[in-house]
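Okay, structure first, notes after.
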Amino acid sequence: MTGAGDDAPDGEGGAEAGGAAADREDPLAAAGVDPVVPDEASDAEFAADDEVRAFLRDVAEDVRGDSSESKQLSAVLYRVSDLYDDEEETSPEEIYLNVRHIMRIKAEGGLRR
């Protein structure tokens, strides 16, 4: 038997109680986003650039609103701006995987505790 999370790396995803996960399409697949991070993206280097970082953070502030979607977009932009900050350690791959994880949680109805 296969579930919606069977192709997820490191055990991410998986079946939920009642099989609800098997009935949902991956939001990234639905959006036409390729779920594979190219090898060259993992090794990409971004030189520190105060102007680019400031611009991205300004845009993040501008798009942040009351909706969860605008808050998520703002957080993604802010996280991307970290690529241009010498004091931050991140990569395009880490950002991609983080955003993918957030989208999966949102598609499943949020965190359940």
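Ordered as shown in the structure tokens, chains take letters A, B, and onward, while each chain numbers its residues from 1 and ligands are numbered from 1 in the order shown.
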
- Using only C-alpha atoms, determine which residues lie at most 10 Å from Val52 (chain A), disregarding the query and same-chain residues fewer than 6 positions distant; provide the list as a list in words.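 Listed by chain and then number, they are Asp58, Ser81, Leu83, Tyr84 and Asp85 of chain A.
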
Please produce a file of the residues just selected, as a PDB file, in the first residue's frame, where the atoms kept are N, CA, C and O atoms.
```
ATOM      1  N   ASP A  58      12.786  44.959   3.005  1.00  0.00           N
ATOM      2  CA  ASP A  58      11.765  46.002   2.820  1.00  0.00           C
ATOM      3  C   ASP A  58      10.532  45.430   2.131  1.00  0.00           C
ATOM      4  O   ASP A  58       9.393  45.717   2.529  1.00  0.00           O
ATOM      5  N   SER A  81      16.520  36.708   2.156  1.00  0.00           N
ATOM      6  CA  SER A  81      17.463  37.813   2.382  1.00  0.00           C
ATOM      7  C   SER A  81      18.667  37.356   3.205  1.00  0.00           C
ATOM      8  O   SER A  81      19.747  37.928   3.092  1.00  0.00           O
ATOM      9  N   LEU A  83      20.415  34.884   2.673  1.00  0.00           N
ATOM     10  CA  LEU A  83      21.459  34.416   1.756  1.00  0.00           C
ATOM     11  C   LEU A  83      22.515  35.500   1.519  1.00  0.00           C
ATOM     12  O   LEU A  83      23.657  35.195   1.205  1.00  0.00           O
ATOM     13  N   TYR A  84      22.116  36.745   1.670  1.00  0.00           N
ATOM     14  CA  TYR A  84      23.006  37.875   1.404  1.00  0.00           C
ATOM     15  C   TYR A  84      23.584  38.481   2.679  1.00  0.00           C
ATOM     16  O   TYR A  84      24.093  39.592   2.668  1.00  0.00           O
ATOM     17  N   ASP A  85      23.515  37.741   3.763  1.00  0.00           N
ATOM     18  CA  ASP A  85      24.015  38.203   5.059  1.00  0.00           C
ATOM     19  C   ASP A  85      25.155  37.292   5.502  1.00  0.00           C
ATOM     20  O   ASP A  85      24.966  36.092   5.669  1.00  0.00           O
TER      21      ASP A  85
END
```

- Task: Could you tell me which of A:Glu69, A:Val80, A:Leu111, A:Lys106 comes closest to Phe55 (chain A) if we count only C-alpha atoms?
- Result: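 Selected residue with least distance to Phe55 (chain A): A:Val80.
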